[in-house]
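Accompanying notes for the structure given below.
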Amino acid sequence: MSSAVSRRVSLVVCLGAVLAPLSVSVAAEPDGRELFIESCASCHGSEGQGTDAGPSIIDAGAAAADFQLRTGRMPLADDGAQAVRKPPAFSPDEIEALTAFVASLGEGPEIPTVDLDGADLSDGQELFVANCAACHGATGSGGAVGAGALAPSLSVADPVEIAEAMLTGPGQMPVFTAIESEDIQDIVAYVVHLREQRAFGGADLGGIGPVPEGFVGLGLGVACLVAISVLLGSKRKRDEA
Amino acid sequence: MLRWLDGRLGIAGLARKSLKKVFPDHWSFLLGELALFSFIILLATGVFLTLFYRPDAQLVTYRGPYAPLQGQEVSAAYESVLRISFEVRSGLVMRQIHHWAALVFVGSIVVHMMRVFFTGAFRRPRDVNWVVGVVLLLLGIGAGFTGYSLPDDLLSGTGLRIAYSVLISVPLLGPHLAFLAFGGEFPTEGIISRLFVMHVMLIPALIIGLVSVHLAILWRQKHTQYKGAGRTEGNVVGKAFWPQQVMKSAALLALTAAVLAFMGGLLQINPIWDFGPFDATTVSAPSQPDWYVGWLEGALRLFPPLDLTLFGITIPSPFWPGVVMPGLAFTVMGAWPWIERRVTRDEAEHHLLDDPTDVPIRVGIGVAGLIFFGLLTLAGGNDVLAIMFNASVEQITNVLRIAIFVLPASGGWLAYRIAASLGNNKSNLLGRKRGVKLRRGPTGGF
């Protein structure tokens with residue numbers, strides 16, 4: 001199956017490569033509906049109403065479409081698997097067109113604007129620990145959430161993507177409907193802070209707590225000291241000889 | 001000066017004898033010293049931390065330099081650990097050395113115990129000291145857990161909640177025990193100061209006392225030694241305490257301090273500012289205890305949620321992995337010298353160590369035990385393993401549920417076979433030598 005898909009994908013890519021210059025010269029803007037029919041409708045239906053293979057996205061809104069497309073989660077690589085970040089399948093222009101088309105289908109959240117200038121880091125920290133750390137980890141390093149799903153690391157998501165995820169709840173993530181715009185700015189500011197702050201106290205060991213610390217404590221600390229004991233013990237023998 | 005001391009205390013004779021005390025030189029005899037020296041580092045850094053730590057659950061407003069927590073209501077305990085980390089000069093490095101030293105301390109106790117176990121050093125008359133050692137291991141784990149809980153961050157609070165839940169799972173007595181220990185229903189204000197007293201006074205005092213007993217018994221009973229030329233059950237071959245052993249130990253102390261300082265200075269450990277202050281309604285993932293409590297955490301994670309009701313008394317599922325299993329494990333560990341004696345009917349005193357391969361069954365059992373605890377420890381990080389192996393937490397848990405029955409037995413059997421064949425080879429060699437000797441006969445002819 002995957003080979004068939006990849007063949008189809010490569011065909012699309014080849015066609016795209018051939019047609020891209022043409023389309024630029026003919027029409028400056030890609031057609032969202034056309035792209036949608038071509039790449040999304042087989043699962044989500046021609047009007048976004050959903051099929052057996054994929055959910056309805058009528059009310060997904062621009063935020064969800066933008067998030068899913070820009071992070072490369074959609075189109076899915078293979079059925080059933082959790083959508084994961086990969087290089088986007090569409091150009092920024094195409095994403096814009098698709099997003100506009102999906103937004104036109106129903107009532108969904110707009111793409112949020114993120115402005116971190118006035119954000120309150122401390123509020124962000126409190127909200128993050130209360131709402132996000134249970135799955136994404138205290139340092140945003142990601143984590144397993146059961147049933148094979150995983151909360152991805154937040155280390156590469158850009159600020160707008162983080163905000164979009166909160167509004168649209170991709171995958172297993174809940175939708176934070178009650179959240180206010182100000183809170184979103186604060187949380188995003190804290191996530192950005194988490195990855196930009198220097199690791200106080202030396203190299204951080206992945207930011208996932210005592211498991212790597214235990215491996216290092218035993219594998220480096222105890223192992224080093226046992227090796228030193230062996231050296232101290234055997235040096236004596238050499239003196240004797 | 002020395003003469004002055006001798007005139008009053010009459011210690012010259014004892015001192016002369018002690019300085020000449022014989023220490024066998026083999027590197028494996030240094031492993032216990034590693035534990036002692038990391039404990040010394042723990043005491044030194046611990047005293048420093050105690051100067052700045054506040055064992056107080058009262059809420060204060062954080063006004064320190066760490067921006068993401070400014071203005072938040074946190075406990076005075078958490079605030080003081082933040083102050084140690086960000087404001088007290090060399091506070092963070094002291095904290096980190098202390099924490100790394102704790103991981104290494106319990107680790108070196110375990111390595112030391114492995115040496116004692118596999119060489120049969122625990123046999124009569126040292127069975128007493130084996131029990132002292134097992135109690136010291138327990139105290140080490142207790143010291144670690146109480147210390148882990150002191151910063152009052154979200155991670156350590158989660159650990160306390162689990163400890164509380166295990167305590168109330170004891171049938172009939174549980175709620176009483178939990179209330180007695182915590183002073184009420186979790187989370188309690190008093191728990192921090194109770195843990196503090198245990199961590200900085202009770203447990204260290206017990207450890208110091210028992211280490212003294214451990215060493216006094218060692219001094220009195222003298223060292224064991226490996227078999228070798230000139231070494232018998234009646235002597236100890238080695239180097240004098242002064243100067244050789246003192247020099248060696250001093251070097252080891254210095255190097256232990258160096259390794260721990262290196263780790264504390266360069267490797268971040270327990271960034272409590274990331275975890276945030278404790279809040280009873282919140283939990284973050286992944287949440288793990290330090291490694292030496294990981295086996296308990298793992299047992300809790302592996303055990304299925306089975307609440308039995310017997311004679312109208314409900315036995316909550318955490319009771320089995322959280323109380324019965326560790327109780328049994330440590331009873332067997334402590335009673336091992338007597339268990340082995342019962343099986344081998346070997347009542348004699350032993351001062352010469354076994355080569356591990358001399359007693360392959362002991363190797364098999366020891367390896368099985370290590371695999372058992374190792375797997376439980378891994379299970380304590382099942383969510384981290386799930387990410388590492390790109391599997392679901394449930395898959396990892398189920399695999400480990402099977403492995404915990406299969407791997408210790410098969411690994412132990414394999415170790416037994418390997419030890420037995422190594423031992424056979426050796427005794428074959430010895431046998432051949434003996435055969436040659438025999439043929440020479442008492443007359444010297446062949």
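By order of appearance in the structure tokens: chains A, B, ..., then residues from 1 within every chain, and ligands from 1 in the order shown.
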
Go through chain A residue by residue and, counting only C-alpha atoms, keep those with an atom at most 8 Å from chain B; for each kept residue give the shortest atom pair and its distance in Å to one decimal, ordered by chain and increasing number, as a Markdown table.
| residue | atom | partner | partner_atom | distance |
| --- | --- | --- | --- | --- |
| A:Leu121 | CA | B:Pro68 | CA | 4.9 |
| A:Ser122 | CA | B:Pro68 | CA | 4.1 |
| A:Asp123 | CA | B:Pro68 | CA | 7.7 |
| A:Gly124 | CA | B:Pro68 | CA | 7.6 |
| A:Gln125 | CA | B:Pro68 | CA | 5.9 |
| A:Glu126 | CA | B:Gly276 | CA | 7.8 |
| A:Val129 | CA | B:Gly276 | CA | 7.0 |
| A:Ala130 | CA | B:Thr282 | CA | 5.8 |
| A:Ala133 | CA | B:Ser284 | CA | 4.8 |
| A:Ala134 | CA | B:Ser284 | CA | 3.9 |
| A:Cys135 | CA | B:Ala285 | CA | 5.7 |
| A:His136 | CA | B:Ala285 | CA | 7.0 |
| A:Gly137 | CA | B:Ala285 | CA | 4.8 |
| A:Ala138 | CA | B:Phe275 | CA | 5.3 |
| A:Thr139 | CA | B:Asp274 | CA | 6.2 |
| A:Gly143 | CA | B:Pro286 | CA | 6.5 |
| A:Ala144 | CA | B:Asp383 | CA | 5.5 |
| A:Val145 | CA | B:Val393 | CA | 7.6 |
| A:Gly146 | CA | B:Val393 | CA | 5.4 |
| A:Ala147 | CA | B:Ser392 | CA | 5.6 |
| A:Gly148 | CA | B:Ser392 | CA | 3.7 |
| A:Ala149 | CA | B:Ser392 | CA | 6.9 |
| A:Leu150 | CA | B:Ile387 | CA | 7.5 |
| A:Tyr190 | CA | B:Pro68 | CA | 7.4 |
| A:Ala199 | CA | B:Gln268 | CA | 7.3 |
| A:Phe200 | CA | B:Gln268 | CA | 6.9 |
| A:Gly201 | CA | B:Gln268 | CA | 4.8 |
| A:Gly202 | CA | B:Leu266 | CA | 4.4 |
| A:Ala203 | CA | B:Leu267 | CA | 4.9 |
| A:Asp204 | CA | B:Gln268 | CA | 5.0 |
| A:Leu205 | CA | B:Gln268 | CA | 6.9 |
| A:Ile208 | CA | B:Pro286 | CA | 6.3 |
| A:Gly209 | CA | B:Asn270 | CA | 6.5 |
| A:Pro210 | CA | B:Asp290 | CA | 5.4 |
| A:Val211 | CA | B:Gly381 | CA | 6.6 |
| A:Glu213 | CA | B:Ile269 | CA | 6.7 |
| A:Gly214 | CA | B:Trp291 | CA | 5.0 |
| A:Gly217 | CA | B:Leu103 | CA | 5.7 |
| A:Leu218 | CA | B:Gly107 | CA | 6.4 |
| A:Gly221 | CA | B:Val104 | CA | 6.1 |
| A:Val222 | CA | B:Val104 | CA | 5.6 |
| A:Cys224 | CA | B:Val259 | CA | 7.7 |
| A:Leu225 | CA | B:Thr256 | CA | 6.6 |
| A:Val226 | CA | B:Leu31 | CA | 7.0 |
| A:Ile228 | CA | B:Leu252 | CA | 7.7 |
| A:Ser229 | CA | B:Trp27 | CA | 5.5 |
| A:Val230 | CA | B:Trp27 | CA | 4.9 |
| A:Leu231 | CA | B:Trp27 | CA | 7.6 |
| A:Leu232 | CA | B:Trp27 | CA | 6.8 |
| A:Gly233 | CA | B:Trp27 | CA | 4.1 |
| A:Ser234 | CA | B:Trp27 | CA | 6.9 |
| A:Arg236 | CA | B:Asp25 | CA | 7.7 |

Contacts of Arg70 (chain A) within 8 Å, only C-alpha atoms, excl. fewer than 5 positions in-chain, as a tab-separated table (two decimals) with N, CA, C and O atoms, in the first residue's frame:
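Output file out-v3.tsv follows:
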chain	number	residue	atom	x	y	z
A	88	PRO	N	5.89	20.20	5.51
A	88	PRO	CA	4.57	20.42	4.91
A	88	PRO	C	4.51	19.95	3.47
A	88	PRO	O	5.51	20.03	2.74
A	92	PRO	N	3.46	27.62	1.08
A	92	PRO	CA	2.71	28.57	1.91
A	92	PRO	C	1.48	29.14	1.21
A	92	PRO	O	0.42	29.29	1.82
A	95	ILE	N	-1.19	26.53	1.21
A	95	ILE	CA	-1.75	26.39	2.56
A	95	ILE	C	-2.74	27.50	2.83
A	95	ILE	O	-3.83	27.28	3.37

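The protein and nucleic acid residues lying at most 7 Å from Cys43 (chain A) are Gly50, Thr51, Ala53 and Gly54 of chain A, with only C-alpha atoms considered and sequence neighbours fewer than 5 positions away removed.
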
Show which residues sit within 9 Å of Phe196 (chain B), as a ChimeraX atom specification. Count only C-alpha atoms, and ignore same-chain residues fewer than 4 positions away.
/B:55,146-147,150,191-192,200-201

If we count only C-alpha atoms and set the cut-off at 12 Å, which residues sit around Gly423 (chain B), ignoring sequence neighbours fewer than 6 positions away in its own chain? Please answer as a CSV table (one decimal) with N, CA, C and O atoms, in the first residue's frame.
chain,number,residue,atom,x,y,z
B,354,ASP,N,34.5,-16.9,48.8
B,354,ASP,CA,34.3,-17.8,47.6
B,354,ASP,C,34.6,-17.0,46.4
B,354,ASP,O,34.4,-15.8,46.3
B,355,ASP,N,35.2,-17.8,45.4
B,355,ASP,CA,35.1,-17.3,44.0
B,355,ASP,C,33.7,-17.4,43.7
B,355,ASP,O,33.1,-18.4,44.0
B,356,PRO,N,33.0,-16.4,43.1
B,356,PRO,CA,31.6,-16.5,42.8
B,356,PRO,C,31.3,-17.8,42.1
B,356,PRO,O,30.2,-18.4,42.3
B,357,THR,N,32.1,-18.3,41.2
B,357,THR,CA,31.8,-19.5,40.5
B,357,THR,C,31.9,-20.8,41.4
B,357,THR,O,31.5,-21.9,41.0
B,358,ASP,N,32.4,-20.6,42.6
B,358,ASP,CA,32.4,-21.8,43.5
B,358,ASP,C,31.0,-22.2,43.9
B,358,ASP,O,30.8,-23.4,44.1
B,359,VAL,N,30.1,-21.3,43.9
B,359,VAL,CA,28.7,-21.6,44.3
B,359,VAL,C,27.8,-21.0,43.2
B,359,VAL,O,27.2,-20.0,43.4
B,360,PRO,N,27.7,-21.8,42.1
B,360,PRO,CA,26.9,-21.3,41.0
B,360,PRO,C,25.5,-21.0,41.3
B,360,PRO,O,24.9,-20.0,40.8
B,361,ILE,N,24.9,-21.7,42.2
B,361,ILE,CA,23.5,-21.5,42.5
B,361,ILE,C,23.3,-20.1,43.2
B,361,ILE,O,22.3,-19.4,42.9
B,363,VAL,N,25.1,-17.5,42.5
B,363,VAL,CA,25.2,-16.6,41.4
B,363,VAL,C,23.9,-16.5,40.7
B,363,VAL,O,23.4,-15.4,40.4
B,415,ALA,N,22.8,-17.6,34.2
B,415,ALA,CA,24.0,-17.2,35.1
B,415,ALA,C,24.5,-18.4,35.8
B,415,ALA,O,25.7,-18.6,36.0
B,416,TYR,N,23.5,-19.2,36.3
B,416,TYR,CA,23.9,-20.4,37.0
B,416,TYR,C,24.7,-21.4,36.1
B,416,TYR,O,25.8,-21.9,36.5
B,417,ARG,N,24.2,-21.5,34.9
B,417,ARG,CA,25.0,-22.5,34.0
B,417,ARG,C,26.3,-21.9,33.7
B,417,ARG,O,27.3,-22.7,33.6
B,429,LEU,N,41.0,-28.0,36.1
B,429,LEU,CA,42.4,-27.6,36.1
B,429,LEU,C,43.0,-28.0,37.5
B,429,LEU,O,44.0,-28.6,37.5
B,430,LEU,N,42.3,-27.6,38.5
B,430,LEU,CA,42.8,-27.9,39.9
B,430,LEU,C,43.0,-29.4,40.0
B,430,LEU,O,44.0,-29.9,40.5
B,431,GLY,N,41.9,-30.1,39.6
B,431,GLY,CA,41.9,-31.6,39.7
B,431,GLY,C,43.2,-32.2,39.0
B,431,GLY,O,43.8,-33.0,39.5

Would you compute the distance between CA of Gly10 (chain B) and CA of Trp242 (chain B)? Give it in Å to one decimal.
19.6 Å

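Remark: for Ile58 (chain A), the closest of the candidate residues A:Val156, A:Ala165, A:Leu105, A:Met74 is A:Leu105 (distances computed over only C-alpha atoms).
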
Would you mind listing what lies within 12 Å of Gly120 (chain B) as a VMD selection string, with only C-alpha atoms counted and same-chain residues fewer than 4 positions away left out?
chain B and resid 113 to 116 124 to 127 130 224 to 226 336 to 337 340 to 341 346 349 to 363 366

Please, what distance in Å, to one decimal, runs between CA of Gly140 (chain B) and CA of Asp153 (chain B)?
21.6 Å

Using DSSP on the backbone coordinates, identify all residues within region 59-168 of chain A classified as strand (DSSP E); present the result as an NGL selection string.
:A and (143-144 or 150-151)

Taking the DSSP secondary structure from the backbone, can you list the residues of region 61-103 of chain A that are helix (DSSP H, G or I), as a PyMOL selection string?
chain A and resi 61-70+92-103

Writing out the chosen residues with N, CA, C and O atoms as a short mmCIF file (atom, residue, chain, number, x, y, z; two decimals), in the first residue's frame:
data_model
loop_
_atom_site.label_atom_id
_atom_site.label_comp_id
_atom_site.auth_asym_id
_atom_site.auth_seq_id
_atom_site.Cartn_x
_atom_site.Cartn_y
_atom_site.Cartn_z
N GLY A 61 -12.34 25.27 11.08
CA GLY A 61 -11.87 26.65 11.06
C GLY A 61 -10.49 26.81 10.48
O GLY A 61 -9.75 25.84 10.26
N ALA A 62 -10.13 28.05 10.27
CA ALA A 62 -8.82 28.36 9.69
C ALA A 62 -7.70 27.92 10.61
O ALA A 62 -6.65 27.45 10.15
N ALA A 63 -7.91 28.05 11.93
CA ALA A 63 -6.85 27.73 12.87
C ALA A 63 -6.43 26.27 12.74
O ALA A 63 -5.25 25.94 12.69
N ALA A 64 -7.45 25.36 12.67
CA ALA A 64 -7.13 23.94 12.58
C ALA A 64 -6.45 23.62 11.26
O ALA A 64 -5.43 22.91 11.22
N ALA A 65 -7.00 24.16 10.16
CA ALA A 65 -6.42 23.86 8.85
C ALA A 65 -4.99 24.36 8.78
O ALA A 65 -4.08 23.65 8.33
N ASP A 66 -4.79 25.57 9.25
CA ASP A 66 -3.44 26.16 9.21
C ASP A 66 -2.47 25.33 10.05
O ASP A 66 -1.35 25.02 9.61
N PHE A 67 -2.91 24.92 11.25
CA PHE A 67 -2.05 24.12 12.12
C PHE A 67 -1.70 22.79 11.45
O PHE A 67 -0.53 22.41 11.35
N GLN A 68 -2.74 22.09 10.98
CA GLN A 68 -2.51 20.75 10.44
C GLN A 68 -1.63 20.78 9.19
O GLN A 68 -0.80 19.90 8.99
N LEU A 69 -1.82 21.82 8.37
CA LEU A 69 -1.09 21.86 7.11
C LEU A 69 0.33 22.40 7.29
O LEU A 69 1.28 21.87 6.72
N ARG A 70 0.44 23.42 8.13
CA ARG A 70 1.78 24.02 8.28
C ARG A 70 2.73 23.09 9.03
O ARG A 70 3.94 23.13 8.83
N PRO A 92 3.46 27.62 1.08
CA PRO A 92 2.71 28.57 1.91
C PRO A 92 1.48 29.14 1.21
O PRO A 92 0.42 29.29 1.82
N ASP A 93 1.58 29.44 -0.10
CA ASP A 93 0.42 29.97 -0.84
C ASP A 93 -0.71 28.97 -0.88
O ASP A 93 -1.88 29.32 -0.69
N GLU A 94 -0.33 27.70 -1.14
CA GLU A 94 -1.36 26.66 -1.22
C GLU A 94 -2.03 26.46 0.14
O GLU A 94 -3.24 26.26 0.23
N ILE A 95 -1.19 26.53 1.21
CA ILE A 95 -1.75 26.39 2.56
C ILE A 95 -2.74 27.50 2.83
O ILE A 95 -3.83 27.28 3.37
N GLU A 96 -2.39 28.71 2.40
CA GLU A 96 -3.29 29.84 2.61
C GLU A 96 -4.61 29.62 1.90
O GLU A 96 -5.70 29.86 2.46
N ALA A 97 -4.51 29.13 0.67
CA ALA A 97 -5.73 28.90 -0.12
C ALA A 97 -6.59 27.81 0.51
O ALA A 97 -7.81 27.94 0.65
N LEU A 98 -5.94 26.71 0.91
CA LEU A 98 -6.67 25.61 1.55
C LEU A 98 -7.32 26.06 2.84
O LEU A 98 -8.46 25.72 3.14
N THR A 99 -6.56 26.83 3.62
CA THR A 99 -7.06 27.31 4.91
C THR A 99 -8.30 28.19 4.69
O THR A 99 -9.30 28.06 5.40
N ALA A 100 -8.23 29.05 3.70
CA ALA A 100 -9.37 29.92 3.40
C ALA A 100 -10.58 29.09 2.99
O ALA A 100 -11.71 29.37 3.41
N PHE A 101 -10.33 28.03 2.21
CA PHE A 101 -11.43 27.18 1.78
C PHE A 101 -12.07 26.47 2.97
O PHE A 101 -13.29 26.47 3.12
N VAL A 102 -11.22 25.89 3.86
CA VAL A 102 -11.76 25.18 5.03
C VAL A 102 -12.53 26.15 5.92
O VAL A 102 -13.60 25.83 6.43
N ALA A 103 -12.00 27.37 6.06
CA ALA A 103 -12.67 28.36 6.89
C ALA A 103 -14.05 28.70 6.33
O ALA A 103 -14.99 28.96 7.09
#
